[in-house]
>>> print(open('entry_28.cif').read())   # mmCIF, C-alpha atoms
data_run
#
loop_
_atom_site.group_PDB
_atom_site.id
_atom_site.type_symbol
_atom_site.label_atom_id
_atom_site.label_comp_id
_atom_site.auth_asym_id
_atom_site.auth_seq_id
_atom_site.Cartn_x
_atom_site.Cartn_y
_atom_site.Cartn_z
ATOM 1 C CA MET A 185 100.029 112.265 154.763
ATOM 2 C CA SER A 186 96.823 110.653 156.001
ATOM 3 C CA LYS A 187 93.428 112.346 155.813
ATOM 4 C CA SER A 188 93.376 112.450 159.602
ATOM 5 C CA THR A 189 96.666 114.344 159.722
ATOM 6 C CA ARG A 190 95.535 116.731 156.986
ATOM 7 C CA SER A 191 92.388 117.416 159.004
ATOM 8 C CA LYS A 192 94.472 118.206 162.079
ATOM 9 C CA ILE A 193 96.746 120.562 160.112
ATOM 10 C CA GLU A 194 93.657 122.333 158.805
ATOM 11 C CA GLN A 195 92.385 122.698 162.373
ATOM 12 C CA GLY A 196 95.683 124.364 163.150
ATOM 13 C CA LEU A 197 95.352 126.673 160.142
ATOM 14 C CA LEU A 198 91.914 127.789 161.278
ATOM 15 C CA PHE A 199 93.224 128.405 164.766
ATOM 16 C CA ILE A 200 96.022 130.545 163.328
ATOM 17 C CA GLU A 201 93.553 132.454 161.169
ATOM 18 C CA ASN A 202 91.385 133.274 164.179
ATOM 19 C CA HIS A 203 94.301 134.348 166.381
ATOM 20 C CA LEU A 204 96.536 136.411 164.106
ATOM 21 C CA ASP A 205 96.312 139.279 166.594
ATOM 22 C CA GLN A 206 98.212 137.191 169.155
ATOM 23 C CA ARG A 207 101.762 135.922 169.499
ATOM 24 C CA LEU A 208 101.397 132.313 168.416
ATOM 25 C CA THR A 209 103.767 129.443 169.113
ATOM 26 C CA ALA A 210 103.999 126.140 167.268
ATOM 27 C CA GLU A 211 103.487 124.314 170.558
ATOM 28 C CA GLU A 212 100.202 126.143 171.226
ATOM 29 C CA VAL A 213 98.802 125.521 167.752
ATOM 30 C CA ALA A 214 100.009 121.896 167.745
ATOM 31 C CA GLN A 215 98.156 121.297 171.010
ATOM 32 C CA HIS A 216 94.977 122.723 169.461
ATOM 33 C CA ALA A 217 95.477 120.415 166.456
ATOM 34 C CA ASN A 218 96.015 117.370 168.695
ATOM 35 C CA LEU A 219 99.524 116.689 167.410
ATOM 36 C CA SER A 220 102.922 116.778 169.039
ATOM 37 C CA SER A 221 104.890 119.936 168.290
ATOM 38 C CA PHE A 222 107.477 117.932 166.304
ATOM 39 C CA HIS A 223 104.953 116.148 164.087
ATOM 40 C CA PHE A 224 102.822 119.258 163.666
ATOM 41 C CA GLN A 225 105.728 121.360 162.396
ATOM 42 C CA ARG A 226 107.025 118.613 160.091
ATOM 43 C CA HIS A 227 103.628 117.938 158.528
ATOM 44 C CA PHE A 228 102.775 121.654 158.446
ATOM 45 C CA THR A 229 105.820 122.459 156.315
ATOM 46 C CA HIS A 230 105.061 119.562 153.964
ATOM 47 C CA TYR A 231 101.412 120.572 153.604
ATOM 48 C CA ILE A 232 101.843 124.357 153.288
ATOM 49 C CA GLY A 233 105.302 124.700 151.736
ATOM 50 C CA GLU A 234 106.426 127.121 154.459
ATOM 51 C CA THR A 235 107.581 126.648 158.022
ATOM 52 C CA PHE A 236 105.159 127.472 160.799
ATOM 53 C CA ALA A 237 107.011 130.686 161.672
ATOM 54 C CA GLN A 238 107.169 131.818 158.033
ATOM 55 C CA TYR A 239 103.488 131.145 157.482
ATOM 56 C CA VAL A 240 102.349 133.028 160.597
ATOM 57 C CA LEU A 241 104.553 136.026 159.784
ATOM 58 C CA HIS A 242 103.354 136.078 156.171
ATOM 59 C CA ARG A 243 99.699 135.851 157.201
ATOM 60 C CA GLN A 244 100.162 138.688 159.682
ATOM 61 C CA LEU A 245 101.804 140.846 157.032
ATOM 62 C CA GLU A 246 99.107 139.966 154.512
ATOM 63 C CA ARG A 247 96.377 140.982 156.951
ATOM 64 C CA ALA A 248 98.254 144.189 157.738
ATOM 65 C CA ALA A 249 98.552 144.992 154.024
ATOM 66 C CA GLN A 250 94.814 144.470 153.597
ATOM 67 C CA GLN A 251 94.015 146.749 156.530
ATOM 68 C CA LEU A 252 96.377 149.474 155.321
ATOM 69 C CA VAL A 253 94.371 149.606 152.089
ATOM 70 C CA THR A 254 90.836 148.979 153.340
ATOM 71 C CA ALA A 255 90.855 150.701 156.767
ATOM 72 C CA PRO A 256 92.283 154.203 156.198
ATOM 73 C CA SER A 257 91.069 155.435 159.582
ATOM 74 C CA LYS A 258 93.219 152.937 161.502
ATOM 75 C CA THR A 259 96.691 154.072 162.515
ATOM 76 C CA VAL A 260 99.772 152.043 161.666
ATOM 77 C CA LEU A 261 100.191 151.278 165.370
ATOM 78 C CA ASP A 262 96.613 149.980 165.611
ATOM 79 C CA ILE A 263 97.225 147.723 162.624
ATOM 80 C CA ALA A 264 100.509 146.498 164.099
ATOM 81 C CA ILE A 265 98.758 145.494 167.324
ATOM 82 C CA ASP A 266 95.808 143.955 165.456
ATOM 83 C CA THR A 267 98.193 141.710 163.513
ATOM 84 C CA GLY A 268 100.221 140.400 166.438
ATOM 85 C CA PHE A 269 103.233 142.730 166.528
ATOM 86 C CA ALA A 270 104.390 143.978 169.927
ATOM 87 C CA THR A 271 105.670 147.364 168.764
ATOM 88 C CA HIS A 272 105.320 149.841 165.919
ATOM 89 C CA SER A 273 109.020 149.541 165.115
ATOM 90 C CA ALA A 274 108.996 145.731 164.953
ATOM 91 C CA PHE A 275 106.025 145.827 162.604
ATOM 92 C CA SER A 276 107.557 148.516 160.385
ATOM 93 C CA ARG A 277 110.862 146.632 160.074
ATOM 94 C CA ALA A 278 109.172 143.349 159.147
ATOM 95 C CA PHE A 279 106.765 145.026 156.740
ATOM 96 C CA LYS A 280 109.459 147.004 154.920
ATOM 97 C CA GLN A 281 111.773 144.027 154.686
ATOM 98 C CA HIS A 282 109.022 141.963 153.126
ATOM 99 C CA PHE A 283 107.195 144.455 150.894
ATOM 100 C CA GLU A 284 110.140 146.790 150.222
ATOM 101 C CA LEU A 285 107.942 149.702 151.310
ATOM 102 C CA SER A 286 107.208 151.162 154.725
ATOM 103 C CA PRO A 287 103.608 150.714 155.939
ATOM 104 C CA SER A 288 102.899 154.414 155.335
ATOM 105 C CA ALA A 289 104.350 154.321 151.825
ATOM 106 C CA PHE A 290 102.414 151.126 151.093
ATOM 107 C CA ARG A 291 99.180 152.803 152.182
ATOM 108 C CA ALA A 292 99.922 155.827 150.000
ATOM 109 C CA GLN A 293 100.786 153.844 146.858
ATOM 110 C CA ALA A 294 99.427 150.338 147.307
ATOM 111 C CA HIS A 295 98.911 150.026 143.551
ATOM 112 C CA ARG A 296 102.702 150.036 143.152
ATOM 113 C CA ALA A 297 103.402 147.503 145.860
ATOM 114 C CA PRO A 298 105.163 144.290 144.790
ATOM 115 C CA PHE A 299 102.261 141.925 145.426
ATOM 116 C CA GLY A 300 102.943 138.243 145.108
ATOM 117 C CA LEU A 301 101.666 135.703 142.620
ATOM 118 C CA ASP A 302 100.142 133.079 144.902
ATOM 119 C CA ILE A 303 96.632 132.383 143.611
ATOM 120 C CA ASN A 304 95.395 131.664 147.120
ATOM 121 C CA ARG A 305 97.034 134.643 148.837
ATOM 122 C CA PRO A 306 97.170 137.510 146.311
ATOM 123 C CA LEU A 307 98.102 140.322 148.718
ATOM 124 C CA LEU A 308 101.127 138.487 150.020
ATOM 125 C CA LYS A 309 104.585 138.730 148.524
ATOM 126 C CA THR A 310 105.645 135.191 149.328
ATOM 127 C CA ARG A 311 109.121 133.781 149.038
ATOM 128 C CA ALA A 312 109.616 131.091 146.429
ATOM 129 C CA ALA A 313 109.227 127.594 147.813
ATOM 130 C CA LYS A 314 112.414 125.587 148.305
ATOM 131 C CA SER A 315 111.016 122.891 146.072
ATOM 132 C CA SER A 316 112.398 122.817 142.565
ATOM 133 C CA ALA A 317 110.398 124.487 139.825
ATOM 134 C CA PRO A 318 107.716 122.220 138.343
ATOM 135 C CA GLN A 319 107.869 120.837 134.821
ATOM 136 C CA VAL A 320 106.055 123.428 132.710
ATOM 137 C CA VAL A 321 105.308 123.377 128.982
ATOM 138 C CA VAL A 322 104.511 126.622 127.145
ATOM 139 C CA THR A 323 101.996 126.174 124.350
ATOM 140 C CA ALA A 324 99.896 128.405 122.088
ATOM 141 C CA LEU A 325 96.163 127.737 122.003
ATOM 142 C CA PRO A 326 93.365 129.243 119.865
ATOM 143 C CA ASN A 327 90.208 130.866 121.220
ATOM 144 C CA MET A 328 88.289 128.469 123.447
ATOM 145 C CA HIS A 329 84.732 128.837 124.686
ATOM 146 C CA LEU A 330 83.680 127.819 128.190
ATOM 147 C CA ASN A 331 80.117 126.626 128.772
ATOM 148 C CA TYR A 332 79.880 127.034 132.520
ATOM 149 C CA LYS A 333 77.961 127.030 135.758
ATOM 150 C CA GLY A 334 79.084 128.993 138.806
ATOM 151 C CA ASP A 335 79.742 128.185 142.422
ATOM 152 C CA SER A 336 80.684 130.571 145.242
ATOM 153 C CA GLY A 337 82.905 130.527 148.264
ATOM 154 C CA THR A 338 85.796 128.714 149.816
ATOM 155 C CA LYS A 339 85.618 126.731 153.041
ATOM 156 C CA ASN A 340 88.830 125.962 154.888
ATOM 157 C CA GLY A 341 90.719 127.003 151.766
ATOM 158 C CA ARG A 342 88.801 124.767 149.342
ATOM 159 C CA PHE A 343 86.544 125.725 146.469
ATOM 160 C CA PHE A 344 83.095 124.249 145.818
ATOM 161 C CA SER A 345 80.399 124.438 148.457
ATOM 162 C CA ARG A 346 78.712 121.534 146.694
ATOM 163 C CA THR A 347 79.986 117.988 147.186
ATOM 164 C CA LEU A 348 82.518 116.479 144.828
ATOM 165 C CA THR A 349 79.900 113.909 143.821
ATOM 166 C CA ASP A 350 77.553 116.673 142.621
ATOM 167 C CA ILE A 351 80.307 118.238 140.492
ATOM 168 C CA VAL A 352 81.332 114.861 139.075
ATOM 169 C CA ASP A 353 77.682 114.169 138.158
ATOM 170 C CA ASP A 354 77.495 117.512 136.360
ATOM 171 C CA PHE A 355 80.672 116.703 134.439
ATOM 172 C CA ALA A 356 79.254 113.284 133.529
ATOM 173 C CA LEU A 357 76.257 114.991 131.927
ATOM 174 C CA LEU A 358 78.615 117.098 129.833
ATOM 175 C CA ARG A 359 80.532 114.036 128.662
ATOM 176 C CA GLN A 360 77.297 112.328 127.630
ATOM 177 C CA SER A 361 75.729 115.279 125.837
ATOM 178 C CA SER A 362 78.711 116.572 123.849
ATOM 179 C CA GLU A 363 82.372 116.106 122.945
ATOM 180 C CA PRO A 364 84.176 118.920 124.758
ATOM 181 C CA LEU A 365 87.838 119.824 124.466
ATOM 182 C CA GLY A 366 88.049 119.324 128.203
ATOM 183 C CA LEU A 367 86.275 119.551 131.554
ATOM 184 C CA VAL A 368 87.613 122.472 133.546
ATOM 185 C CA SER A 369 87.277 124.931 136.415
ATOM 186 C CA ALA A 370 88.263 128.581 135.869
ATOM 187 C CA PHE A 371 88.969 131.258 138.455
ATOM 188 C CA PRO A 372 87.911 134.913 137.918
ATOM 189 C CA ARG A 373 89.787 136.043 141.037
ATOM 190 C CA SER A 374 91.676 134.660 143.992
ATOM 191 C CA PRO A 375 90.058 134.051 147.379
ATOM 192 C CA GLN A 376 90.785 136.673 150.020
ATOM 193 C CA GLY A 377 91.262 134.110 152.764
ATOM 194 C CA MET A 378 90.603 130.510 153.718
ATOM 195 C CA ASN A 379 86.891 131.259 154.079
ATOM 196 C CA ASP A 380 85.718 133.674 151.385
ATOM 197 C CA ASP A 381 81.962 133.554 150.758
ATOM 198 C CA GLU A 382 82.110 135.811 147.694
ATOM 199 C CA VAL A 383 84.848 134.321 145.525
ATOM 200 C CA LYS A 384 83.591 132.651 142.343
ATOM 201 C CA VAL A 385 84.632 129.517 140.502
ATOM 202 C CA LEU A 386 83.310 128.634 137.042
ATOM 203 C CA TYR A 387 83.156 124.975 136.051
ATOM 204 C CA GLY A 388 82.077 123.288 132.848
ATOM 205 C CA ALA A 389 83.457 122.341 129.449
ATOM 206 C CA LEU A 390 85.638 123.957 126.792
ATOM 207 C CA TYR A 391 84.657 123.928 123.123
ATOM 208 C CA PRO A 392 86.245 125.273 119.908
ATOM 209 C CA ALA A 393 83.017 127.198 119.182
ATOM 210 C CA MET A 394 79.821 128.121 121.007
ATOM 211 C CA GLN A 395 76.916 125.749 120.418
ATOM 212 C CA PRO A 396 73.400 125.148 121.768
ATOM 213 C CA SER A 397 73.581 123.725 125.281
ATOM 214 C CA HIS A 398 70.861 122.363 127.546
ATOM 215 C CA TRP A 399 73.375 122.102 130.385
ATOM 216 C CA SER A 400 73.929 125.882 130.765
ATOM 217 C CA HIS A 401 73.190 129.032 128.753
ATOM 218 C CA ASP A 402 76.290 130.821 130.100
ATOM 219 C CA TRP A 403 79.387 131.122 127.927
ATOM 220 C CA LEU A 404 82.787 132.765 128.305
ATOM 221 C CA THR A 405 85.558 133.092 125.724
ATOM 222 C CA LEU A 406 89.170 132.373 126.679
ATOM 223 C CA ASN A 407 91.234 134.387 124.212
ATOM 224 C CA GLN A 408 93.951 132.802 122.116
ATOM 225 C CA GLY A 409 97.521 133.124 123.288
ATOM 226 C CA LEU A 410 100.271 131.427 125.229
ATOM 227 C CA TRP A 411 99.598 129.132 128.159
ATOM 228 C CA ALA A 412 101.956 127.661 130.734
ATOM 229 C CA VAL A 413 100.825 124.095 131.398
ATOM 230 C CA CYS A 414 101.788 121.915 134.364
ATOM 231 C CA GLU A 415 100.508 118.462 135.308
ATOM 232 C CA HIS A 416 99.356 117.529 138.807
ATOM 233 C CA GLN A 417 99.035 113.893 139.827
ATOM 234 C CA GLY A 418 96.942 112.828 142.804
ATOM 235 C CA SER A 419 94.341 114.224 145.156
ATOM 236 C CA TYR A 420 92.615 117.535 144.504
ATOM 237 C CA ASP A 421 93.423 118.418 148.134
ATOM 238 C CA PHE A 422 96.986 119.192 147.027
ATOM 239 C CA LEU A 423 96.266 121.025 143.785
ATOM 240 C CA TYR A 424 97.030 124.312 145.520
ATOM 241 C CA GLN A 425 100.643 123.166 146.012
ATOM 242 C CA THR A 426 101.171 122.743 142.269
ATOM 243 C CA TRP A 427 99.455 126.085 141.622
ATOM 244 C CA ASN A 428 101.756 127.757 144.135
ATOM 245 C CA LEU A 429 104.884 126.191 142.646
ATOM 246 C CA MET A 430 103.906 127.562 139.229
ATOM 247 C CA TRP A 431 103.250 131.033 140.653
ATOM 248 C CA ASN A 432 106.224 131.218 142.975
ATOM 249 C CA ALA A 433 108.947 128.880 141.694
ATOM 250 C CA TRP A 434 108.433 128.942 137.914
ATOM 251 C CA LEU A 435 106.817 132.197 136.775
ATOM 252 C CA PRO A 436 109.137 134.808 138.385
ATOM 253 C CA SER A 437 112.218 133.493 136.543
ATOM 254 C CA SER A 438 110.495 132.226 133.387
ATOM 255 C CA GLY A 439 110.730 135.356 131.226
ATOM 256 C CA TYR A 440 106.924 135.442 131.036
ATOM 257 C CA GLU A 441 104.229 137.386 132.848
ATOM 258 C CA LEU A 442 100.485 136.976 133.162
ATOM 259 C CA ARG A 443 98.111 138.174 130.475
ATOM 260 C CA ASP A 444 94.453 139.085 130.813
ATOM 261 C CA ALA A 445 92.673 135.733 130.719
ATOM 262 C CA LEU A 446 91.304 133.311 133.301
ATOM 263 C CA PRO A 447 93.615 130.602 134.647
ATOM 264 C CA PHE A 448 91.980 127.208 134.689
ATOM 265 C CA GLU A 449 92.541 123.562 135.542
ATOM 266 C CA GLN A 450 91.504 120.630 133.339
ATOM 267 C CA TYR A 451 90.469 117.225 134.674
ATOM 268 C CA PHE A 452 91.562 114.113 132.784
ATOM 269 C CA THR A 453 90.228 111.385 135.067
ATOM 270 C CA ASP A 454 86.910 110.464 136.644
ATOM 271 C CA PRO A 455 87.324 110.436 140.466
ATOM 272 C CA GLN A 456 84.605 107.823 140.725
ATOM 273 C CA GLN A 457 86.512 105.397 138.496
ATOM 274 C CA LEU A 458 90.126 105.679 139.724
ATOM 275 C CA ALA A 459 91.990 105.857 143.020
ATOM 276 C CA GLU A 460 93.156 109.306 144.192
ATOM 277 C CA LYS A 461 96.799 108.654 143.348
ATOM 278 C CA ALA A 462 95.845 108.156 139.681
ATOM 279 C CA TRP A 463 93.893 111.419 139.289
ATOM 280 C CA CYS A 464 95.418 113.658 136.620
ATOM 281 C CA THR A 465 94.841 117.426 136.404
ATOM 282 C CA LYS A 466 96.571 120.028 134.255
ATOM 283 C CA ILE A 467 96.913 123.656 135.304
ATOM 284 C CA TYR A 468 96.861 126.413 132.670
ATOM 285 C CA LEU A 469 98.271 129.902 133.327
ATOM 286 C CA PRO A 470 97.680 132.574 130.652
ATOM 287 C CA ILE A 471 101.054 134.179 129.895
ATOM 288 C CA LYS A 472 102.878 136.525 127.516
ATOM 289 C CA SER A 473 106.517 137.448 127.083
ATOM 290 C CA ALA A 474 107.604 139.824 129.809
ATOM 291 C CA GLY A 475 107.179 143.439 128.709
ATOM 292 C CA SER A 476 104.984 142.631 125.705
ATOM 293 C CA GLU A 477 101.679 144.472 125.363
ATOM 294 C CA GLN A 478 99.706 141.854 123.476
ATOM 295 C CA PRO A 479 99.194 138.129 123.999
ATOM 296 C CA GLU A 480 101.324 136.037 121.669
#
>>> encode(input="entry_28.cif", output="C-alpha cells")
Amino acid sequence: MSKSTRSKIEQGLLFIENHLDQRLTAEEVAQHANLSSFHFQRHFTHYIGETFAQYVLHRQLERAAQQLVTAPSKTVLDIAIDTGFATHSAFSRAFKQHFELSPSAFRAQAHRAPFGLDINRPLLKTRAAKSSAPQVVVTALPNMHLNYKGDSGTKNGRFFSRTLTDIVDDFALLRQSSEPLGLVSAFPRSPQGMNDDEVKVLYGALYPAMQPSHWSHDWLTLNQGLWAVCEHQGSYDFLYQTWNLMWNAWLPSSGYELRDALPFEQYFTDPQQLAEKAWCTKIYLPIKSAGSEQPE
C-alpha cells in the first residue's frame, strides 16, 4: 500500500471517528477519503484488519462502553443515539452479543466485563483477526533497567509528537555513550483513541544494571519473568498490526496471560541507514502461565 493510499485511509478513519453518532456507509466515507468505494473497502480491511462494517460497529460499541462507565447520568437510550444506533433495542442486542452483558449490567459491573486485549483499543472486545497467529517465541529474561525519556500523546493513532528524526538522534546518542541491551519504547497504558493527548510512551535503552547516565536521570525496572516475543519486519506505520495479532490471534489461545510489567518494542535497525522494508522490530509482551499468581 502506498503512502498516499495510507493517508487516504487515515482520512477516512478520522471521518469515522468524528461521525460515530451517525449511520455511516462505506460509500460516504470513501468519498471523503477520495477513493472509490471498492478500493477504499479493500485497502481499509488490509490496513485495519477488520471490514469497514465491523470496524464502525466495534468503534460505536467501544464508545458506548466508555460512556456507560464515565457518564452515569446519561440514559442507555441517550448513549445508543449518541453512538449511531437507531433504537434502544438494536443497541442492546448488539451490545449484549458483543460484550456478553446488557448495557445496564455492564454499567453496574464494568470491572467484570470481558474487555479485549488490543493495545490500541483496550475497552473493545475485538474478534480475533482472520490472519494466522504470528510466530511467537516465549523466553525468560532477568531484571532489566530502562533509562528513559518520555513523550506524550497520539496523533491519528501514532505515538511520538516529535519527529522520527529527533527520536533517531536521541537513540544515536545512546549508542555512542554506552552499550545497551537494546533501544526500546515501552507503554505504561494504551491510548484511549486515535488522538489521546495524555497517553505516555517511554523511550530509551535497556541495561542489565542501573548506571550513571548523562542522557536521562529517569530509570524504570522491568521485572524478570516470561516474555512473548514476536518480530516485525518493515515500516513502523504497521507495527500496530503485529501488536494486534499478538493480542488477538496468539494470546487468547496460548495458555498464557499478561503479568504486571510494561510491554515494549525493541529496534534493531537504524531507519536512517536502511530502507523501510529492512527495518526490524521485536515486540515483547510480559506473560505468565494462565492462572498463576507470580511471574515465572
>>> residues_around(input="entry_28.cif", residues="Gln206 of chain A", least_positions_apart="3", cutoff="8 Å", atoms="all atoms listed in the file", output="list in words")
His203, Thr267, Gly268 and Phe269 of chain A
>>> write_last_selection(input="entry_28.cif", atoms="C-alpha atoms", output="short mmCIF file (atom, residue, chain, number, x, y, z; two decimals), keeping the file's coordinate frame")
data_model
loop_
_atom_site.label_atom_id
_atom_site.label_comp_id
_atom_site.auth_asym_id
_atom_site.auth_seq_id
_atom_site.Cartn_x
_atom_site.Cartn_y
_atom_site.Cartn_z
CA HIS A 203 94.30 134.35 166.38
CA THR A 267 98.19 141.71 163.51
CA GLY A 268 100.22 140.40 166.44
CA PHE A 269 103.23 142.73 166.53
#
>>> atom_distance(input="entry_28.cif", atom1="atom CA of Gln250 of chain A", atom2="atom CA of Arg207 of chain A")
19.3 Å
>>> resolve_selection(input="entry_28.cif", expression="the PyMOL selection byres ((chain A and resi 472) around 10)", output="compact mmCIF listing (two decimals) with C-alpha atoms, in the frame of the given file")
# COMPACT_ATOMS: atom_id res chain seq x y z
CA GLY A 409 97.52 133.12 123.29
CA LEU A 410 100.27 131.43 125.23
CA TRP A 411 99.60 129.13 128.16
CA ALA A 412 101.96 127.66 130.73
CA GLY A 439 110.73 135.36 131.23
CA TYR A 440 106.92 135.44 131.04
CA GLU A 441 104.23 137.39 132.85
CA LEU A 442 100.48 136.98 133.16
CA ARG A 443 98.11 138.17 130.48
CA ASP A 444 94.45 139.08 130.81
CA LEU A 469 98.27 129.90 133.33
CA PRO A 470 97.68 132.57 130.65
CA ILE A 471 101.05 134.18 129.90
CA SER A 473 106.52 137.45 127.08
CA ALA A 474 107.60 139.82 129.81
CA GLY A 475 107.18 143.44 128.71
CA SER A 476 104.98 142.63 125.70
CA GLU A 477 101.68 144.47 125.36
CA GLN A 478 99.71 141.85 123.48
CA PRO A 479 99.19 138.13 124.00
CA GLU A 480 101.32 136.04 121.67
>>> residues_near_point(input="entry_28.cif", point="(97.1, 112.2, 156.9)", cutoff="12 Å", atoms="only C-alpha atoms", output="list of chain:residue names")
A:Met185, A:Ser186, A:Lys187, A:Ser188, A:Thr189, A:Arg190, A:Ser191, A:Lys192, A:Ile193, A:Glu194, A:Leu219, A:His223, A:Phe224, A:His227, A:Phe228, A:His230, A:Tyr231, A:Asp421
>>> resolve_selection(input="entry_28.cif", expression="the PyMOL selection byres ((chain A and resi 394-402) around 8)", output="list of chain:residue names")
A:His329, A:Asn331, A:Tyr332, A:Lys333, A:Leu357, A:Leu358, A:Tyr391, A:Pro392, A:Ala393, A:Trp403, A:Leu404
>>> residues_around(input="entry_28.cif", residues="Val320 of chain A", least_positions_apart="5", cutoff="10 Å", atoms="all atoms listed in the file", output="VMD selection string")
chain A and resid 411 to 415 430 434 to 435 438 467 to 468
>>> closest_residue(input="entry_28.cif", among="A:Gln450, A:Gln225, A:Thr323, A:Thr465", to="Gln408 of chain A", atoms="all atoms listed in the file")
A:Thr323
>>> atom_distance(input="entry_28.cif", atom1="atom CA of Phe222 of chain A", atom2="atom CA of Glu201 of chain A")
20.8 Å
>>> resolve_selection(input="entry_28.cif", expression="the PyMOL selection byres ((chain A and resi 419) around 10)", output="list in words")
His416, Gln417, Gly418, Tyr420, Asp421, Phe422, Leu423, Pro455, Ala459, Glu460, Lys461, Ala462, Trp463, Cys464 and Thr465 of chain A
>>> atom_distance(input="entry_28.cif", atom1="atom CA of Gly366 of chain A", atom2="atom CA of Val383 of chain A")
23.1 Å
>>> residues_around(input="entry_28.cif", residues="Pro287 of chain A", least_positions_apart="3", cutoff="9 Å", atoms="all atoms listed in the file", output="list in words")
Ala248, Ala249, Leu252, Val260, Phe275, Ser276, Phe279, Lys280, Phe283, Phe290, Arg291 and Ala292 of chain A
>>> write_last_selection(input="entry_28.cif", atoms="C-alpha atoms", output="PDB file, in the frame of the given file")
ATOM      1  CA  ALA A 248      98.254 144.189 157.738  1.00  0.00           C
ATOM      2  CA  ALA A 249      98.552 144.992 154.024  1.00  0.00           C
ATOM      3  CA  LEU A 252      96.377 149.474 155.321  1.00  0.00           C
ATOM      4  CA  VAL A 260      99.772 152.043 161.666  1.00  0.00           C
ATOM      5  CA  PHE A 275     106.025 145.827 162.604  1.00  0.00           C
ATOM      6  CA  SER A 276     107.557 148.516 160.385  1.00  0.00           C
ATOM      7  CA  PHE A 279     106.765 145.026 156.740  1.00  0.00           C
ATOM      8  CA  LYS A 280     109.459 147.004 154.920  1.00  0.00           C
ATOM      9  CA  PHE A 283     107.195 144.455 150.894  1.00  0.00           C
ATOM     10  CA  PHE A 290     102.414 151.126 151.093  1.00  0.00           C
ATOM     11  CA  ARG A 291      99.180 152.803 152.182  1.00  0.00           C
ATOM     12  CA  ALA A 292      99.922 155.827 150.000  1.00  0.00           C
TER      13      ALA A 292
END
>>> residues_around(input="entry_28.cif", residues="Asp381 of chain A", least_positions_apart="4", cutoff="7 Å", atoms="all atoms listed in the file", output="JSON, numbers by chain")
{"A": [336, 337, 338]}
>>> closest_residue(input="entry_28.cif", among="A:Thr209, A:Gln319, A:Thr271, A:Asn218", to="Gln195 of chain A", atoms="only C-alpha atoms")
A:Asn218
>>> decode(input="entry_28.cif", residues="segment 214-230 of chain A", atoms="N, CA and C atoms", output="JSON list (two decimals), in the first residue's frame")
[["chain", "number", "residue", "atom", "x", "y", "z"],
["A", 214, "ALA", "N", -15.69, 6.61, 1.85],
["A", 214, "ALA", "CA", -14.78, 6.51, 0.71],
["A", 214, "ALA", "C", -14.73, 7.82, -0.07],
["A", 215, "GLN", "N", -15.88, 8.44, -0.25],
["A", 215, "GLN", "CA", -15.92, 9.73, -0.96],
["A", 215, "GLN", "C", -15.12, 10.77, -0.20],
["A", 216, "HIS", "N", -15.24, 10.79, 1.13],
["A", 216, "HIS", "CA", -14.47, 11.73, 1.94],
["A", 216, "HIS", "C", -12.97, 11.46, 1.83],
["A", 217, "ALA", "N", -12.62, 10.18, 1.66],
["A", 217, "ALA", "CA", -11.20, 9.80, 1.57],
["A", 217, "ALA", "C", -10.66, 9.88, 0.14],
["A", 218, "ASN", "N", -11.50, 10.29, -0.79],
["A", 218, "ASN", "CA", -11.09, 10.42, -2.20],
["A", 218, "ASN", "C", -10.63, 9.09, -2.80],
["A", 219, "LEU", "N", -11.40, 8.04, -2.51],
["A", 219, "LEU", "CA", -11.18, 6.73, -3.09],
["A", 219, "LEU", "C", -12.52, 6.18, -3.57],
["A", 220, "SER", "N", -12.46, 5.27, -4.53],
["A", 220, "SER", "CA", -13.69, 4.58, -4.90],
["A", 220, "SER", "C", -14.11, 3.67, -3.75],
["A", 221, "SER", "N", -15.40, 3.37, -3.67],
["A", 221, "SER", "CA", -15.89, 2.52, -2.59],
["A", 221, "SER", "C", -15.18, 1.16, -2.59],
["A", 222, "PHE", "N", -14.98, 0.58, -3.78],
["A", 222, "PHE", "CA", -14.32, -0.72, -3.88],
["A", 222, "PHE", "C", -12.91, -0.67, -3.33],
["A", 223, "HIS", "N", -12.11, 0.29, -3.80],
["A", 223, "HIS", "CA", -10.72, 0.36, -3.36],
["A", 223, "HIS", "C", -10.62, 0.76, -1.90],
["A", 224, "PHE", "N", -11.51, 1.63, -1.44],
["A", 224, "PHE", "CA", -11.48, 2.03, -0.04],
["A", 224, "PHE", "C", -11.71, 0.82, 0.86],
["A", 225, "GLN", "N", -12.74, 0.02, 0.57],
["A", 225, "GLN", "CA", -13.04, -1.11, 1.44],
["A", 225, "GLN", "C", -11.94, -2.17, 1.39],
["A", 226, "ARG", "N", -11.37, -2.40, 0.21],
["A", 226, "ARG", "CA", -10.30, -3.40, 0.11],
["A", 226, "ARG", "C", -9.07, -2.96, 0.89],
["A", 227, "HIS", "N", -8.65, -1.71, 0.70],
["A", 227, "HIS", "CA", -7.47, -1.23, 1.41],
["A", 227, "HIS", "C", -7.76, -1.05, 2.90],
["A", 228, "PHE", "N", -8.97, -0.68, 3.25],
["A", 228, "PHE", "CA", -9.35, -0.50, 4.65],
["A", 228, "PHE", "C", -9.17, -1.81, 5.41],
["A", 229, "THR", "N", -9.69, -2.89, 4.86],
["A", 229, "THR", "CA", -9.58, -4.19, 5.52],
["A", 229, "THR", "C", -8.12, -4.62, 5.67],
["A", 230, "HIS", "N", -7.33, -4.37, 4.64],
["A", 230, "HIS", "CA", -5.90, -4.72, 4.71],
["A", 230, "HIS", "C", -5.19, -3.90, 5.78]]
